[in-house]
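First up is the structure itself, then whatever we jot down about it.
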Amino acid sequence: MDPQSLLALLKKPAASSGDKLNALAEIKSSIKHSNLRLQEAPVIFDCIRLAVAQQTSSSLALSAVSTLGHLIKRLKIQDASGRTIEQLAPRLFPVLQERLGDLKEPIRTAASQALTDLYPYFPQDVEHIIREEAISGHHTRAKETGMQWVVRMHKEEAMPFKSYVSPMVARLEDADGTVREAAKAAIIELFSNAPDRAKTDLKKQLKAHSVRLSIESQILSHLGASTTSRPQTANAQEHQEDFGASTRSLPGMDHLAQFADSLNSEAAQPPPPETVPMDPLYVHSQRELDDMFRDMLPCFEGKEDEHNWTLRDKSAMKVRRLLKGNAPNEHHHAFMAGIKSVMDGLLKVANSLRTTMATNGSQLVQELARTLGPALDGQVEQLLQNFIKMSAVTKPIAAQHGRTTCDAIFQNCSYHTRMMQHLWNAAQDKNASARQCVPEWLKIILKRQAGYKQHFESSGGLELAEKTIRKGLDDAKPTVKEGMRTAYWTFARTWPDRADRIMGSLDEKSKTALQKDSNNPNASLHASTIGAAASTSRPNNS
């Protein structure tokens, strides 16, 4: 069959997949065993494009990719200059990019191989597809395929991977757990034999993308590198030893606890130091774990009283100890089911009027967020409703627990638009204490979402962030305004055009205060300009 007839057949929806597959096989065989007429090359590329795009037959798409490989080899022989490939192959890029996220792994692998075949002729185009469209895109399977492609190309072709590091590190905080694991595996594979300076650059990228310390530690331990210490507040340094004792999570990861209070959030403040010994609690079977959680349930029923409060406090302490033991890893599903079953009770502990007991409950939720991360996503809505409300209470210790616990949730759990909705609601709260917390929470979200701009924008998060900033900058409370100016400059680093629009809508007094904020990278320049203008306008008395 000639290429033109194959093209006509592929365009017929009524034609059977078997007929199309047989016809394509004839063309492939012809390409493999004999020269082709170069004037037929455009039609053959169109045939391959249509066949790869076929959704009804995986065999047809796989055969098309195989045909492409033989076509490239044939054209390389007949047209050593490569002009034919350079002119015709770009029409395949959109469909190959789409197939990187196909449901079926053989199709994804075939699309990846096709891009490998085209890479010598279009290095920049292929790199853009892999880096910007696949790894940095929205499609889960395409992200995985893209990262696997980088690993394979580096291993087989010694392709430099430096330009891919940043988007791959960003995937370590992806909302999908499979993507996070794929990113972790890819980074470990790429850097396993990398020089020390490359590993140093990796540490900087992990910090720049606010990757949680537990993931950073796992990667660096595989690479034989030490964990980069994160900046701490003065208060954190004061309580470092005691706080470390209360936030130790898993065996072999104790050294992470002393840094857990910062977790890339400038606003994070450590909870009160833990005074009760916190030894890990290990379980030997899932049944033993199930029994532990089941035994806790009765004490959480009803209201707190003199008979059940000690049992509740001990139950919360037991969960904290379990969190430090082997249960979260070795019996993960049973542990998560147990946490879900007692969550209402644990929130009663956190909201207790007994200060020590409330501290225990709040610290437990913080440790759950830091240790479990996205595994706690199913409980986030309930937790935020509780602790945002707690941050607005008049009792200072309880309000601090609310703020710190929300910090941990925003920093470690997967982002969802509901988080921004909670912030927008808090920004409109009549209670000034709740509004004062919003800027710091917003900064955490903005920093984490800087690497996921498209998702943040398309899900409505950007609009809510802009509304929240505008509301805060116009707040009647000076402390809220001051905090929101800091959040504004965090926002401006990622969305400068939107930030300029906000700036342009302010009155002169508000605009000047915003420009003079210490977080403005040009604050000193603005101050010197104002000073020069003032001195120029001052009358000369000499």
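Residue numbering restarts at 1 for every chain of the structure tokens, chains are lettered A, B, ... in their displayed order, and ligands are numbered from 1 as they appear.
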
(request) Please provide as a PyMOL selection string all residues within 9 Å of Glu466 of chain A, with the sequence filter that same-chain residues fewer than 6 positions apart are discarded (counting only C-alpha atoms). (result) chain A and resi 488+491+498-499+502

Using N, CA and C atoms, can you export the residues from the last selection as a JSON list (two decimals), in the first residue's frame?
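Writing the result to selection_21.json gives the following:
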```json
[["chain", "number", "residue", "atom", "x", "y", "z"],
["A", 488, "TYR", "N", 2.50, 40.48, 50.83],
["A", 488, "TYR", "CA", 2.44, 41.08, 49.49],
["A", 488, "TYR", "C", 3.75, 40.88, 48.74],
["A", 491, "PHE", "N", 4.17, 37.43, 47.58],
["A", 491, "PHE", "CA", 3.30, 37.27, 46.41],
["A", 491, "PHE", "C", 3.94, 37.90, 45.17],
["A", 498, "ARG", "N", 0.44, 40.85, 38.87],
["A", 498, "ARG", "CA", -0.71, 40.94, 39.77],
["A", 498, "ARG", "C", -0.38, 41.87, 40.94],
["A", 499, "ALA", "N", 0.84, 41.76, 41.44],
["A", 499, "ALA", "CA", 1.25, 42.61, 42.57],
["A", 499, "ALA", "C", 1.24, 44.08, 42.16],
["A", 502, "ILE", "N", -2.21, 45.40, 42.30],
["A", 502, "ILE", "CA", -2.65, 45.70, 43.67],
["A", 502, "ILE", "C", -2.04, 47.01, 44.13]]
```

(message) Run DSSP on the backbone and tell me which residues of segment 101-161 of chain A come out as alpha helix (DSSP H); list them as a ChimeraX atom specification.
(response) /A:105-118,123-128,140-157

(request) Give me the residues within 9 Å of Met168 of chain A as a ChimeraX atom specification, counting only C-alpha atoms and dropping any in the same chain fewer than 4 places off. (result) /A:131,135-136,143,147,164,172,183-184,186-187

(request) Kindly give the distance, in Å, that separates atom CA of Leu311 of chain A and atom CA of His332 of chain A, rounded to a single decimal. (result)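 Interatomic distance here is 24.7 Å.
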
(message) Taking 6 positions as the minimum chain separation for residues in the same chain, which residues sit within 10 Å of Lys155 of chain A when counting only C-alpha atoms? Answer as a PyMOL selection string.
(response) chain A and resi 149+189-190

Store the residues picked out above in a file with all heavy atoms, as a JSON list (two decimals), in the first residue's frame.
```
[["chain", "number", "residue", "atom", "x", "y", "z"],
["A", 149, "TRP", "N", 12.33, 9.54, 31.76],
["A", 149, "TRP", "CA", 13.06, 9.84, 30.51],
["A", 149, "TRP", "C", 14.39, 10.51, 30.83],
["A", 149, "TRP", "O", 15.42, 10.17, 30.23],
["A", 149, "TRP", "CB", 12.20, 10.75, 29.62],
["A", 149, "TRP", "CG", 12.81, 11.07, 28.29],
["A", 149, "TRP", "CD1", 12.68, 10.36, 27.13],
["A", 149, "TRP", "CD2", 13.66, 12.19, 27.97],
["A", 149, "TRP", "NE1", 13.38, 10.96, 26.11],
["A", 149, "TRP", "CE2", 14.00, 12.09, 26.59],
["A", 149, "TRP", "CE3", 14.16, 13.26, 28.69],
["A", 149, "TRP", "CZ2", 14.80, 13.02, 25.95],
["A", 149, "TRP", "CZ3", 14.97, 14.18, 28.05],
["A", 149, "TRP", "CH2", 15.28, 14.05, 26.69],
["A", 189, "GLU", "N", 18.68, 8.48, 41.81],
["A", 189, "GLU", "CA", 19.38, 7.82, 40.70],
["A", 189, "GLU", "C", 20.32, 8.79, 39.99],
["A", 189, "GLU", "O", 21.48, 8.46, 39.70],
["A", 189, "GLU", "CB", 18.35, 7.27, 39.71],
["A", 189, "GLU", "CG", 18.95, 6.62, 38.47],
["A", 189, "GLU", "CD", 19.54, 5.26, 38.75],
["A", 189, "GLU", "OE1", 19.19, 4.65, 39.79],
["A", 189, "GLU", "OE2", 20.36, 4.80, 37.94],
["A", 190, "LEU", "N", 19.86, 10.00, 39.75],
["A", 190, "LEU", "CA", 20.67, 10.98, 39.00],
["A", 190, "LEU", "C", 21.89, 11.44, 39.80],
["A", 190, "LEU", "O", 22.97, 11.64, 39.24],
["A", 190, "LEU", "CB", 19.81, 12.20, 38.63],
["A", 190, "LEU", "CG", 18.74, 11.99, 37.56],
["A", 190, "LEU", "CD1", 17.83, 13.20, 37.47],
["A", 190, "LEU", "CD2", 19.38, 11.72, 36.20]]
```

(message) as a PyMOL selection string, please: the residues near Ser66 of chain A (cut-off 10 Å, only C-alpha atoms, same-chain neighbours under 3 positions excluded).
(response) chain A and resi 25+28+48+60-63+69-71+110-111+113-114

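Proximity to Asp290 of chain A at 9 Å, evaluated using only C-alpha atoms and with sequence-adjacent residues fewer than 3 positions away removed, yields Ser285, Gln286, Arg287, Phe293, Arg294, Asp295, Ala334, Phe335, Ala337 and Gly338 of chain A.
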
(request) To one decimal in Å, tell me the separation between atom CA of Lys340 of chain A and atom CA of Leu423 of chain A. (result)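 Separation between atom CA of Lys340 of chain A and atom CA of Leu423 of chain A: 24.5 Å.
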
(message) For Asp176 of chain A, find every residue with an atom within 10 Å (counting only C-alpha atoms), except residues of its own chain fewer than 4 positions away, and show them as a list in words.
(response) Thr140, Arg171, Leu172, Arg180, Glu181, Pro374 and Ser414 of chain A

(message) I'd like the interatomic distance between atom CA of Gln515 of chain A and atom CA of Gly460 of chain A, to a tenth of an Å.
(response)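 Separating atom CA of Gln515 of chain A from atom CA of Gly460 of chain A is a distance of 27.2 Å.
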
Could you make a table, as CSV, of the residues of segment 465-536 of chain A that have an atom within 12 Å of an atom of segment 444-447 of chain A, each with its nearest atom pair and distance in Å to one decimal, counting only C-alpha atoms, in chain and number order?
```
residue,atom,partner,partner_atom,distance
A:Ala465,CA,A:Leu446,CA,8.4
A:Glu466,CA,A:Leu446,CA,11.0
A:Ile469,CA,A:Leu446,CA,11.6
A:Thr486,CA,A:Ile444,CA,11.7
A:Ala487,CA,A:Leu446,CA,8.5
A:Tyr488,CA,A:Leu446,CA,9.9
A:Trp489,CA,A:Leu446,CA,10.5
A:Thr490,CA,A:Leu446,CA,7.1
A:Phe491,CA,A:Leu446,CA,6.4
A:Ala492,CA,A:Leu446,CA,9.9
A:Arg493,CA,A:Lys447,CA,9.5
A:Thr494,CA,A:Leu446,CA,8.3
A:Trp495,CA,A:Leu446,CA,10.0
```

For the selection you just gave me, I'd like the residues written to a file as a compact mmCIF listing (two decimals), in the first residue's frame, keeping N, CA and C atoms.
```
# COMPACT_ATOMS: atom_id res chain seq x y z
N ALA A 465 -6.04 34.60 46.75
CA ALA A 465 -4.85 35.20 47.36
C ALA A 465 -4.84 36.71 47.14
N GLU A 466 -5.17 37.13 45.92
CA GLU A 466 -5.19 38.55 45.60
C GLU A 466 -6.25 39.28 46.43
N ILE A 469 -5.02 39.58 50.05
CA ILE A 469 -4.00 40.62 50.21
C ILE A 469 -4.64 42.00 50.20
N THR A 486 4.16 42.18 54.27
CA THR A 486 5.17 41.12 54.11
C THR A 486 4.67 40.06 53.14
N ALA A 487 3.40 39.66 53.31
CA ALA A 487 2.81 38.67 52.41
C ALA A 487 2.75 39.19 50.98
N TYR A 488 2.50 40.48 50.83
CA TYR A 488 2.44 41.08 49.49
C TYR A 488 3.75 40.88 48.74
N TRP A 489 4.88 41.13 49.42
CA TRP A 489 6.17 41.02 48.72
C TRP A 489 6.54 39.56 48.44
N THR A 490 6.03 38.63 49.25
CA THR A 490 6.18 37.21 48.91
C THR A 490 5.38 36.91 47.65
N PHE A 491 4.17 37.43 47.58
CA PHE A 491 3.30 37.27 46.41
C PHE A 491 3.94 37.90 45.17
N ALA A 492 4.58 39.06 45.34
CA ALA A 492 5.15 39.80 44.21
C ALA A 492 6.31 39.06 43.55
N ARG A 493 7.00 38.22 44.31
CA ARG A 493 8.14 37.49 43.73
C ARG A 493 7.69 36.50 42.66
N THR A 494 6.49 35.95 42.81
CA THR A 494 6.00 34.95 41.87
C THR A 494 5.02 35.52 40.86
N TRP A 495 4.22 36.50 41.28
CA TRP A 495 3.22 37.10 40.38
C TRP A 495 3.40 38.62 40.36
```
